[in-house]
Every structure is written in C-alpha cells, then in structure tokens.
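For reference, work.pdb is printed below; it contains PDB, C-alpha atoms and all ligand atoms.
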ATOM      1  CA  MET A   1      19.538  17.512   2.815
ATOM      2  CA  SER A   2      18.760  19.424   6.036
ATOM      3  CA  ALA A   3      18.389  17.907   9.518
ATOM      4  CA  ALA A   4      15.727  15.200   9.948
ATOM      5  CA  PHE A   5      12.385  16.374  11.319
ATOM      6  CA  LEU A   6      10.600  13.049  11.152
ATOM      7  CA  GLU A   7      12.643   9.857  11.329
ATOM      8  CA  VAL A   8      11.359   6.383  10.576
ATOM      9  CA  GLU A   9      13.475   3.388  11.552
ATOM     10  CA  GLY A  10      12.666  -0.216  10.679
ATOM     11  CA  LEU A  11       8.902   0.369  10.561
ATOM     12  CA  THR A  12       6.938  -2.845  10.063
ATOM     13  CA  LYS A  13       3.214  -3.408   9.634
ATOM     14  CA  HIS A  14       1.602  -6.703   8.653
ATOM     15  CA  TYR A  15      -1.963  -7.289   7.521
ATOM     16  CA  GLY A  16      -2.462 -11.040   7.853
ATOM     17  CA  GLY A  17       0.319 -12.544   5.800
ATOM     18  CA  VAL A  18       1.040  -9.303   3.890
ATOM     19  CA  ALA A  19       3.951  -7.110   4.989
ATOM     20  CA  ALA A  20       2.612  -3.664   4.016
ATOM     21  CA  LEU A  21       5.704  -2.160   5.683
ATOM     22  CA  ASP A  22       8.751  -4.355   6.016
ATOM     23  CA  GLY A  23      11.476  -2.529   7.942
ATOM     24  CA  CYS A  24      10.968   0.862   6.305
ATOM     25  CA  THR A  25      13.649   3.439   7.162
ATOM     26  CA  LEU A  26      13.612   7.036   5.910
ATOM     27  CA  SER A  27      13.490  10.624   7.071
ATOM     28  CA  LEU A  28      11.721  13.876   6.217
ATOM     29  CA  ALA A  29      13.573  17.168   6.582
ATOM     30  CA  LYS A  30      12.207  20.324   8.189
ATOM     31  CA  GLY A  31      11.023  22.952   5.738
ATOM     32  CA  GLU A  32      11.173  20.591   2.781
ATOM     33  CA  VAL A  33       8.669  18.807   0.579
ATOM     34  CA  THR A  34       9.449  15.068   0.562
ATOM     35  CA  GLY A  35       7.877  12.803  -2.015
ATOM     36  CA  LEU A  36       6.925   9.222  -1.124
ATOM     37  CA  ILE A  37       6.594   7.414  -4.400
ATOM     38  CA  GLY A  38       6.604   3.834  -5.617
ATOM     39  CA  PRO A  39       4.488   1.258  -7.426
ATOM     40  CA  ASN A  40       0.997   0.180  -6.295
ATOM     41  CA  GLY A  41       1.081  -1.791  -3.051
ATOM     42  CA  ALA A  42       4.534  -0.471  -2.040
ATOM     43  CA  GLY A  43       3.231   0.577   1.385
ATOM     44  CA  LYS A  44       2.953   4.353   0.914
ATOM     45  CA  THR A  45      -0.546   4.795   2.357
ATOM     46  CA  THR A  46       0.233   2.395   5.187
ATOM     47  CA  LEU A  47       3.280   4.532   5.971
ATOM     48  CA  LEU A  48       1.139   7.722   6.068
ATOM     49  CA  ASN A  49      -1.318   5.938   8.344
ATOM     50  CA  ALA A  50       1.435   4.673  10.633
ATOM     51  CA  LEU A  51       2.909   8.183  10.847
ATOM     52  CA  THR A  52      -0.424   9.765  11.770
ATOM     53  CA  GLY A  53      -1.714   7.231  14.271
ATOM     54  CA  LEU A  54      -4.208   5.469  11.998
ATOM     55  CA  ALA A  55      -2.237   2.216  11.768
ATOM     56  CA  LYS A  56      -0.271   0.883  14.717
ATOM     57  CA  PRO A  57       3.122  -0.402  13.615
ATOM     58  CA  ASP A  58       4.151  -3.919  14.669
ATOM     59  CA  ALA A  59       7.792  -2.914  15.054
ATOM     60  CA  GLY A  60      10.133  -0.009  14.446
ATOM     61  CA  ARG A  61      10.400   3.552  15.689
ATOM     62  CA  VAL A  62       9.138   6.973  14.649
ATOM     63  CA  THR A  63      10.744  10.145  15.991
ATOM     64  CA  PHE A  64       9.272  13.596  15.397
ATOM     65  CA  ASP A  65      11.072  16.775  16.354
ATOM     66  CA  GLY A  66      13.361  14.785  18.664
ATOM     67  CA  ALA A  67      10.598  12.886  20.534
ATOM     68  CA  ASP A  68       9.649   9.220  20.200
ATOM     69  CA  VAL A  69       6.088   9.231  18.819
ATOM     70  CA  THR A  70       5.844   5.577  17.775
ATOM     71  CA  GLY A  71       2.244   4.318  17.818
ATOM     72  CA  LEU A  72       0.667   7.521  19.207
ATOM     73  CA  PRO A  73      -3.026   7.870  18.274
ATOM     74  CA  ALA A  74      -4.041  10.345  15.568
ATOM     75  CA  HIS A  75      -5.253  13.128  17.855
ATOM     76  CA  ARG A  76      -1.983  13.044  19.797
ATOM     77  CA  MET A  77       0.044  13.170  16.573
ATOM     78  CA  ALA A  78      -2.118  16.098  15.439
ATOM     79  CA  ALA A  79      -1.509  17.844  18.777
ATOM     80  CA  ARG A  80       2.226  17.514  18.092
ATOM     81  CA  GLY A  81       1.756  19.026  14.646
ATOM     82  CA  VAL A  82       1.630  16.003  12.330
ATOM     83  CA  VAL A  83      -1.594  15.742  10.321
ATOM     84  CA  ARG A  84      -2.652  13.987   7.152
ATOM     85  CA  SER A  85      -5.211  14.985   4.567
ATOM     86  CA  PHE A  86      -8.462  13.035   4.323
ATOM     87  CA  GLN A  87     -10.694  12.554   1.333
ATOM     88  CA  ILE A  88     -13.944  14.514   1.431
ATOM     89  CA  VAL A  89     -16.008  11.364   1.981
ATOM     90  CA  ARG A  90     -19.552  10.806   0.774
ATOM     91  CA  GLU A  91     -21.005  11.270   4.287
ATOM     92  CA  LEU A  92     -19.965  14.908   4.080
ATOM     93  CA  ALA A  93     -21.660  15.585   0.734
ATOM     94  CA  SER A  94     -24.699  17.200   2.345
ATOM     95  CA  LEU A  95     -22.575  19.716   4.247
ATOM     96  CA  THR A  96     -21.611  23.026   2.693
ATOM     97  CA  VAL A  97     -18.010  23.756   1.774
ATOM     98  CA  PHE A  98     -17.732  25.958   4.879
ATOM     99  CA  GLU A  99     -19.168  23.290   7.196
ATOM    100  CA  THR A 100     -16.948  20.608   5.650
ATOM    101  CA  LEU A 101     -13.887  22.695   6.371
ATOM    102  CA  LEU A 102     -14.951  23.344   9.964
ATOM    103  CA  LEU A 103     -15.471  19.639  10.501
ATOM    104  CA  ALA A 104     -11.880  18.779  11.348
ATOM    105  CA  PRO A 105     -10.916  15.204  10.450
ATOM    106  CA  PRO A 106     -12.516  13.232  13.319
ATOM    107  CA  HIS A 107      -9.641  10.858  14.096
ATOM    108  CA  GLN A 108      -7.321  13.796  14.412
ATOM    109  CA  ILE A 109      -9.359  15.523  17.091
ATOM    110  CA  GLY A 110     -10.167  12.291  18.920
ATOM    111  CA  GLU A 111     -13.888  11.888  18.269
ATOM    112  CA  THR A 112     -16.164   9.970  15.924
ATOM    113  CA  LEU A 113     -17.395  11.357  12.609
ATOM    114  CA  THR A 114     -21.064  11.362  13.653
ATOM    115  CA  GLY A 115     -20.228  12.892  17.033
ATOM    116  CA  ALA A 116     -18.170  15.591  15.349
ATOM    117  CA  MET A 117     -20.932  16.281  12.798
ATOM    118  CA  ALA A 118     -23.619  16.597  15.488
ATOM    119  CA  ARG A 119     -21.434  18.846  17.607
ATOM    120  CA  ARG A 120     -20.454  21.068  14.692
ATOM    121  CA  ARG A 121     -24.020  21.396  13.469
ATOM    122  CA  ARG A 122     -25.070  22.558  16.928
ATOM    123  CA  TRP A 123     -22.203  24.804  17.788
ATOM    124  CA  TRP A 124     -20.440  25.964  14.672
ATOM    125  CA  ALA A 125     -22.033  29.405  14.729
ATOM    126  CA  GLN A 126     -20.448  30.043  18.112
ATOM    127  CA  GLU A 127     -16.989  28.967  17.100
ATOM    128  CA  HIS A 128     -15.862  32.384  16.011
ATOM    129  CA  ALA A 129     -12.153  31.716  16.087
ATOM    130  CA  ASN A 130     -12.394  28.635  13.873
ATOM    131  CA  ALA A 131     -14.978  30.271  11.630
ATOM    132  CA  GLY A 132     -12.643  33.215  11.106
ATOM    133  CA  LYS A 133      -9.729  30.920  10.302
ATOM    134  CA  ALA A 134     -11.942  28.888   7.967
ATOM    135  CA  ARG A 135     -12.964  31.990   6.025
ATOM    136  CA  THR A 136      -9.341  33.070   5.639
ATOM    137  CA  LEU A 137      -8.395  29.586   4.419
ATOM    138  CA  LEU A 138     -11.281  29.452   1.933
ATOM    139  CA  GLU A 139     -10.274  32.856   0.576
ATOM    140  CA  ARG A 140      -6.720  31.645   0.267
ATOM    141  CA  ILE A 141      -7.660  28.549  -1.754
ATOM    142  CA  GLY A 142     -10.140  30.506  -3.888
ATOM    143  CA  LEU A 143     -13.264  28.710  -2.607
ATOM    144  CA  TRP A 144     -14.830  31.420  -0.450
ATOM    145  CA  ARG A 145     -17.383  32.226  -3.168
ATOM    146  CA  LEU A 146     -18.519  28.574  -2.940
ATOM    147  CA  ALA A 147     -18.658  28.493   0.880
ATOM    148  CA  ASP A 148     -22.448  27.918   0.990
ATOM    149  CA  GLN A 149     -22.554  25.329  -1.809
ATOM    150  CA  PRO A 150     -22.753  21.613  -0.967
ATOM    151  CA  SER A 151     -19.212  20.200  -0.970
ATOM    152  CA  ALA A 152     -20.459  17.393  -3.257
ATOM    153  CA  ARG A 153     -20.599  19.937  -6.096
ATOM    154  CA  LEU A 154     -16.868  20.701  -5.990
ATOM    155  CA  SER A 155     -14.616  19.416  -8.759
ATOM    156  CA  GLY A 156     -11.910  16.840  -7.966
ATOM    157  CA  GLY A 157      -9.278  19.570  -7.732
ATOM    158  CA  GLN A 158     -11.409  21.852  -5.563
ATOM    159  CA  LYS A 159     -11.994  18.921  -3.188
ATOM    160  CA  LYS A 160      -8.232  18.395  -2.969
ATOM    161  CA  LEU A 161      -7.723  22.062  -2.103
ATOM    162  CA  LEU A 162     -10.409  21.756   0.566
ATOM    163  CA  GLU A 163      -8.679  18.629   1.925
ATOM    164  CA  VAL A 164      -5.448  20.606   2.294
ATOM    165  CA  ALA A 165      -7.365  23.441   3.988
ATOM    166  CA  ARG A 166      -8.975  20.994   6.459
ATOM    167  CA  ALA A 167      -5.519  19.793   7.468
ATOM    168  CA  LEU A 168      -4.288  23.415   7.704
ATOM    169  CA  LEU A 169      -7.086  24.304  10.112
ATOM    170  CA  LEU A 170      -5.295  22.095  12.655
ATOM    171  CA  GLU A 171      -2.214  24.345  12.301
ATOM    172  CA  PRO A 172       0.267  21.541  11.579
ATOM    173  CA  LYS A 173       4.050  21.661  11.392
ATOM    174  CA  LEU A 174       4.218  18.670   9.069
ATOM    175  CA  ILE A 175       1.403  17.876   6.683
ATOM    176  CA  LEU A 176       1.118  14.541   4.912
ATOM    177  CA  LEU A 177      -0.872  14.560   1.683
ATOM    178  CA  ASP A 178      -2.243  11.416   0.053
ATOM    179  CA  GLU A 179      -2.286  11.845  -3.733
ATOM    180  CA  PRO A 180      -3.107  15.573  -3.958
ATOM    181  CA  GLY A 181      -2.895  15.312  -7.759
ATOM    182  CA  ALA A 182      -5.300  12.388  -8.247
ATOM    183  CA  GLY A 183      -8.384  13.255 -10.294
ATOM    184  CA  VAL A 184      -7.319  16.903 -10.611
ATOM    185  CA  SER A 185      -7.493  18.936 -13.839
ATOM    186  CA  PRO A 186      -4.202  20.541 -15.016
ATOM    187  CA  PRO A 187      -5.127  24.147 -14.005
ATOM    188  CA  LEU A 188      -6.094  23.095 -10.477
ATOM    189  CA  ARG A 189      -3.007  20.901 -10.252
ATOM    190  CA  GLU A 190      -0.959  24.068 -10.843
ATOM    191  CA  GLU A 191      -2.941  25.793  -8.047
ATOM    192  CA  ILE A 192      -2.131  22.927  -5.680
ATOM    193  CA  ILE A 193       1.551  23.115  -6.645
ATOM    194  CA  ALA A 194       1.541  26.895  -6.028
ATOM    195  CA  LEU A 195      -0.208  26.471  -2.645
ATOM    196  CA  VAL A 196       2.297  23.849  -1.446
ATOM    197  CA  ARG A 197       5.211  26.061  -2.526
ATOM    198  CA  GLU A 198       3.695  29.055  -0.735
ATOM    199  CA  LEU A 199       3.103  27.089   2.480
ATOM    200  CA  LYS A 200       6.631  25.700   2.324
ATOM    201  CA  GLY A 201       7.846  29.309   2.036
ATOM    202  CA  GLU A 202       5.996  29.960   5.302
ATOM    203  CA  GLY A 203       7.947  27.170   7.020
ATOM    204  CA  LEU A 204       5.559  24.222   6.717
ATOM    205  CA  SER A 205       7.046  20.785   5.966
ATOM    206  CA  PHE A 206       5.362  18.224   3.708
ATOM    207  CA  GLY A 207       5.362  14.519   2.966
ATOM    208  CA  ILE A 208       3.497  13.734  -0.232
ATOM    209  CA  VAL A 209       2.358  10.340  -1.518
ATOM    210  CA  GLU A 210       1.822  10.772  -5.229
ATOM    211  CA  HIS A 211       1.715   8.912  -8.537
ATOM    212  CA  ASP A 212       1.642  12.102 -10.655
ATOM    213  CA  MET A 213       5.317  12.479 -11.552
ATOM    214  CA  HIS A 214       4.865  16.007 -12.920
ATOM    215  CA  LEU A 215       3.638  17.163  -9.510
ATOM    216  CA  VAL A 216       6.415  15.272  -7.696
ATOM    217  CA  GLY A 217       9.101  16.728  -9.996
ATOM    218  CA  GLU A 218       7.695  20.243  -9.536
ATOM    219  CA  ILE A 219       7.450  20.392  -5.750
ATOM    220  CA  CYS A 220       9.567  17.723  -4.071
ATOM    221  CA  ASP A 221      13.001  18.649  -2.741
ATOM    222  CA  HIS A 222      13.720  15.011  -2.022
ATOM    223  CA  VAL A 223      12.016  11.711  -2.778
ATOM    224  CA  HIS A 224      11.995   8.249  -1.249
ATOM    225  CA  VAL A 225      11.009   5.440  -3.558
ATOM    226  CA  LEU A 226       9.245   2.643  -1.694
ATOM    227  CA  ALA A 227       8.913  -0.920  -2.955
ATOM    228  CA  GLU A 228       7.621  -3.932  -1.057
ATOM    229  CA  GLY A 229       7.372  -2.040   2.235
ATOM    230  CA  ARG A 230      10.931  -0.691   2.238
ATOM    231  CA  THR A 231      12.867   2.301   0.976
ATOM    232  CA  LEU A 232      14.462   1.320  -2.313
ATOM    233  CA  VAL A 233      16.147   4.577  -3.352
ATOM    234  CA  SER A 234      16.348   8.110  -1.886
ATOM    235  CA  GLY A 235      17.558  11.262  -3.582
ATOM    236  CA  THR A 236      16.409  14.170  -5.682
ATOM    237  CA  PHE A 237      13.601  13.446  -8.114
ATOM    238  CA  ALA A 238      16.103  13.399 -10.998
ATOM    239  CA  GLU A 239      18.450  11.007  -9.169
ATOM    240  CA  ALA A 240      15.661   8.648  -8.110
ATOM    241  CA  THR A 241      13.977   8.452 -11.495
ATOM    242  CA  ALA A 242      17.303   7.796 -13.236
ATOM    243  CA  ASP A 243      18.082   4.838 -10.954
ATOM    244  CA  PRO A 244      17.650   1.496 -12.736
ATOM    245  CA  ARG A 245      16.318  -0.131  -9.516
ATOM    246  CA  VAL A 246      13.427   2.335  -9.584
ATOM    247  CA  VAL A 247      12.621   1.575 -13.200
ATOM    248  CA  ASP A 248      12.645  -2.156 -12.341
ATOM    249  CA  ALA A 249      10.374  -1.628  -9.313
ATOM    250  CA  TYR A 250       7.782   0.216 -11.423
ATOM    251  CA  LEU A 251       7.955  -2.554 -14.006
ATOM    252  CA  GLY A 252       7.412  -5.143 -11.254
ATOM    253  CA  LEU A 253      10.967  -6.476 -11.359
ATOM    254  CA  ALA A 254      12.024  -5.491  -7.811
ATOM    255  CA  ALA A 255      14.173  -8.179  -6.191
TER     256      ALA A 255
HETATM  257  N1  LIG B   1      -6.195  -2.601   5.869
HETATM  258  C1  LIG B   1      -5.550  -3.495   5.140
HETATM  259  N2  LIG B   1      -5.859  -4.805   5.183
HETATM  260  C2  LIG B   1      -5.215  -5.722   4.452
HETATM  261  N3  LIG B   1      -4.194  -5.436   3.622
HETATM  262  C3  LIG B   1      -3.828  -4.158   3.522
HETATM  263  C4  LIG B   1      -4.482  -3.116   4.258
HETATM  264  N4  LIG B   1      -3.891  -1.929   3.958
HETATM  265  C5  LIG B   1      -2.918  -2.215   3.057
HETATM  266  N5  LIG B   1      -2.887  -3.541   2.791
HETATM  267  C6  LIG B   1      -1.953  -4.215   1.880
HETATM  268  O1  LIG B   1      -0.668  -3.740   2.165
HETATM  269  C7  LIG B   1       0.077  -3.509   0.976
HETATM  270  C8  LIG B   1       0.495  -2.044   0.900
HETATM  271  O2  LIG B   1      -0.672  -1.242   0.674
HETATM  272  P1  LIG B   1      -0.648   0.343   0.612
HETATM  273  O3  LIG B   1      -2.042   0.781   0.357
HETATM  274  O4  LIG B   1       0.046   0.885   1.797
HETATM  275  O5  LIG B   1       0.257   0.589  -0.682
HETATM  276  P2  LIG B   1       0.405   1.907  -1.575
HETATM  277  O6  LIG B   1       1.845   2.030  -1.881
HETATM  278  O7  LIG B   1      -0.246   3.049  -0.881
HETATM  279  O8  LIG B   1      -0.401   1.500  -2.883
HETATM  280  P3  LIG B   1      -1.229   2.439  -3.934
HETATM  281  O9  LIG B   1      -0.204   3.276  -4.627
HETATM  282  O10 LIG B   1      -1.847   1.430  -4.835
HETATM  283  O11 LIG B   1      -2.217   3.235  -3.127
HETATM  284  C9  LIG B   1      -0.824  -3.960  -0.178
HETATM  285  O12 LIG B   1      -0.500  -5.291  -0.510
HETATM  286  C10 LIG B   1      -2.202  -3.862   0.427
HETATM  287  O13 LIG B   1      -3.082  -4.766  -0.197
END
Could you write out this structure as structure tokens?
Amino acid sequence: MSAAFLEVEGLTKHYGGVAALDGCTLSLAKGEVTGLIGPNGAGKTTLLNALTGLAKPDAGRVTFDGADVTGLPAHRMAARGVVRSFQIVRELASLTVFETLLLAPPHQIGETLTGAMARRRRWWAQEHANAGKARTLLERIGLWRLADQPSARLSGGQKKLLEVARALLLEPKLILLDEPGAGVSPPLREEIIALVRELKGEGLSFGIVEHDMHLVGEICDHVHVLAEGRTLVSGTFAEATADPRVVDAYLGLAA
C-alpha cells in the first residue's frame, strides 16, 4: 500500500449510549480507491461524517496530507480538498439537473440549503466559470441532454452520477462516496465503476462506503472492514472477504 493520505487514529463518536465509532484507526492512500465496508451499524456513515466535518468526533485524530484536521467544519475540509457525496434530496426535486449540479452541497461551502438555493437562483446565470465546469461535468457523466429536466425525473443511477459530479465541482483531492451503488441498475453501476476508475487515473483518491460487493471488488485497491465502530480487518478485497472474522461480523457474531 502507498503512503497514507488520510490517517485516522482512535476516532470515537458516541450518540447517547451508542458508540458509533469506538477507537477507529485506519488510513487511505493517495491515488487509491479504499473501500469502507462492514455490517449495518458498523459506523461507516459516521466515519464519513467525521472525516468531512459533519460529525464532531469525541476523541481521536484525523490527519490529511500531513496536517491535523480533526473536527474541522465541512467547508474547511472541502477547502482542503476532502468532500463527500450527498444524496439528491427531495428539496432539490424542483430544480433542473443543471441547477442541482450548480448548487454545491451547502455544508461544504459553509451556508444553509435555503440560502444557497436563493443565491443560486438569483445569480447562477452570472456564474460563468461554474456554469462552464458544470456543463463539462454533465457531458462527462452523460447527463448533458437532460440538463433542463427536473432532477426528480432521474433514475437512481443517474442521481448517483449527479451526486459524484456535485462533489467534483468542488475540485476535491479526496472524494468520499456513500453507497454509490445503492438503488442503481447494472448498466449504470458499470458507468459509475468506469467513472471512478477514470478519475483515479487522473490522480483523484477515493473512500467508498458500500454494501454492493461487486462494486467494491471491481474498484477498491484496499478495503477496511468496520465492525462495532472499529477496524476489524484491512487488506485487499480478496484477503478481507476470505477472513473468518469478517464472515462472523456479517453474520452478527463479532466478538
Ligand atoms: N445521529 C445519530 N443519532 C443516534 N445514533 C446514531 C446517529 N448516527 C448513527 N447512530 C448510530 O450509530 C451506529 C453506527 O451508525 P452508522 O450509520 O454510522 O453505521 P453504518 O455502518 O453506516 O450502517 P449502515 O450500513 O446500516 O448505513 C448505529 O448504531 C446507529 O444507530
């Protein structure tokens, strides 16, 4: 495995009496696609949130590109190049595909959703640089022909592609995707796999939370299996899935 880009040491996050993260330690390498897998409730989404400023850890340390970034808010993480994908939420259904893309995830630019929507609606026509980038991205993900359609009409897979494009608009170095394969038809899943591979070829690094093991096996250079808020096993996909502790964790037998 290459040098660590993002390092997580002893990360802990409690919600009431529940330890969503319980001393989680792992690292993501530069230029690689790292899978974060594990059974339901293992702490994967909480980890993504803690890495992108949406959940403040109770203890532990996060280092990105050599700097301590523990507990930084989302817009400051985004400014450093760490962004996560966000679901195209229902509030955005009335916007077109093009407008949805231009509406950068609000937490990551440090403003509220309604504020961002009002501002975009007023000013988007003037934002030539972003509009140009948005067109290029939509062409790249094959959605340019749908740019003026309401985003609510997109299929599950098209929404996932748009979610990736929204994160790309922020020009990240490390992009964290939450279940890019969920609710996606097989042909679009292959498009997502191809897009991630292409972006990796361009030097982008990825962390991917995913239950779809086909997708994980196809694109991840390395995986960390989480269980009960900690890293249970790390290795290649083949190594991790052959480990009896991983089989036990998925069957609910983790110690
Ligand atoms: N905001 C919250 N409030 C209370 N409990 C939470 C909150 N977020 C997560 N949890 C709890 O923390 C634990 C870890 O949840 P998390 O969503 O991070 O797991 P996950 O691995 O992403 O699960 P899944 O694969 O089902 O999405 C669970 O027990 C969950 O119920």
- Output of the PyMOL selection byres (((chain A and resi 80) around 12) and not hetatm), listed as a PyMOL selection string: chain A and resi 6+51-53+63-69+72-79+81-83+108-109+170-175
- Task: Could you tell me which residues the PyMOL selection byres (((not hetatm)) within 9 of (chain B and resi 1)) grabs in this file, written as a VMD selection string?
- Result: chain A and resid 13 to 21 36 to 49 55 178 to 179 209 to 211 226 to 229
- Would you list the residues near (13.8, 19.7, 8.4), meaning any protein, DNA or RNA residue with an atom at most 8 Å from that point in file coordinates, counting all atoms listed in the file, as number ranges by chain? A: 2-6, 28-32, 205
Which polymer residues have any atom within 10 Å of an atom of Leu162 (chain A), counting all atoms listed in the file, with same-chain residues fewer than 6 positions away left out, as a short mmCIF file (atom, residue, chain, number, x, y, z; two decimals) with C-alpha atoms, keeping the file's coordinate frame?
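The resulting file, part-v2.cif, is shown below:
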data_model
loop_
_atom_site.label_atom_id
_atom_site.label_comp_id
_atom_site.auth_asym_id
_atom_site.auth_seq_id
_atom_site.Cartn_x
_atom_site.Cartn_y
_atom_site.Cartn_z
CA SER A 85 -5.21 14.98 4.57
CA PHE A 86 -8.46 13.04 4.32
CA GLN A 87 -10.69 12.55 1.33
CA ILE A 88 -13.94 14.51 1.43
CA VAL A 97 -18.01 23.76 1.77
CA PHE A 98 -17.73 25.96 4.88
CA THR A 100 -16.95 20.61 5.65
CA LEU A 101 -13.89 22.70 6.37
CA LEU A 137 -8.40 29.59 4.42
CA LEU A 138 -11.28 29.45 1.93
CA ILE A 141 -7.66 28.55 -1.75
CA GLY A 142 -10.14 30.51 -3.89
CA LEU A 143 -13.26 28.71 -2.61
CA SER A 151 -19.21 20.20 -0.97
CA LEU A 154 -16.87 20.70 -5.99
CA GLY A 156 -11.91 16.84 -7.97
CA LEU A 168 -4.29 23.42 7.70
#
- Query: Which neighbours of Lys160 (chain A) fall inside 8 Å, counting all atoms listed in the file, when residues of the same chain fewer than 2 positions from it are skipped, and could you give them as a list in words?
  - Reply: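 Near neighbours after the sequence-gap exclusion: Gln87, Gly156, Gly157, Gln158, Leu162, Glu163, Val164, Pro180, Gly181 and Val184 of chain A.
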Would you save the residues of that selection, restricted to C-alpha atoms, as an mmCIF file, in the coordinates of the input?
data_model
loop_
_atom_site.group_PDB
_atom_site.id
_atom_site.type_symbol
_atom_site.label_atom_id
_atom_site.label_comp_id
_atom_site.auth_asym_id
_atom_site.auth_seq_id
_atom_site.Cartn_x
_atom_site.Cartn_y
_atom_site.Cartn_z
ATOM 1 C CA GLN A 87 -10.694 12.554 1.333
ATOM 2 C CA GLY A 156 -11.910 16.840 -7.966
ATOM 3 C CA GLY A 157 -9.278 19.570 -7.732
ATOM 4 C CA GLN A 158 -11.409 21.852 -5.563
ATOM 5 C CA LEU A 162 -10.409 21.756 0.566
ATOM 6 C CA GLU A 163 -8.679 18.629 1.925
ATOM 7 C CA VAL A 164 -5.448 20.606 2.294
ATOM 8 C CA PRO A 180 -3.107 15.573 -3.958
ATOM 9 C CA GLY A 181 -2.895 15.312 -7.759
ATOM 10 C CA VAL A 184 -7.319 16.903 -10.611
#
- CA of Ser27 (chain A) and CA of Glu7 (chain A) are how many Å apart? 4.4 Å
- Query: What does the distance from CA of Glu202 (chain A) to CA of Ala167 (chain A) come to in Å, to one decimal?
  - Reply: 15.5 Å
Once you add 8 Å to each side, what are the centre and edge lengths of the axis-aligned box holding all listed atoms of region 142-152 of chain A? One decimal in Å, as AutoDock Vina command-line options, if you can.
--center_x -16.4 --center_y 24.8 --center_z -1.4 --size_x 28.6 --size_y 30.8 --size_z 20.9
- Message: the PyMOL selection byres (((chain A and resi 220) around 12) and not hetatm) - which residues does that actually catch in the file I just gave you? List them as JSON, numbers by chain.
- Response: {"A": [28, 29, 31, 32, 33, 34, 35, 36, 37, 193, 196, 197, 200, 205, 206, 207, 208, 209, 210, 212, 213, 214, 215, 216, 217, 218, 219, 221, 222, 223, 224, 234, 235, 236, 237, 238, 240]}
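Atom pair CA of Gly203 (chain A) / CA of Lys159 (chain A) has a distance of 23.9 Å (rounded to one decimal).
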- Task: Using all atoms listed in the file, pick whichever of A:Leu199, A:Leu102, A:Leu54, A:Ala59 has the shortest atom-to-atom distance to Glu9 (chain A).
- Result: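 Of A:Leu199, A:Leu102, A:Leu54, A:Ala59, the one nearest Glu9 (chain A) is A:Ala59, counting all atoms listed in the file.
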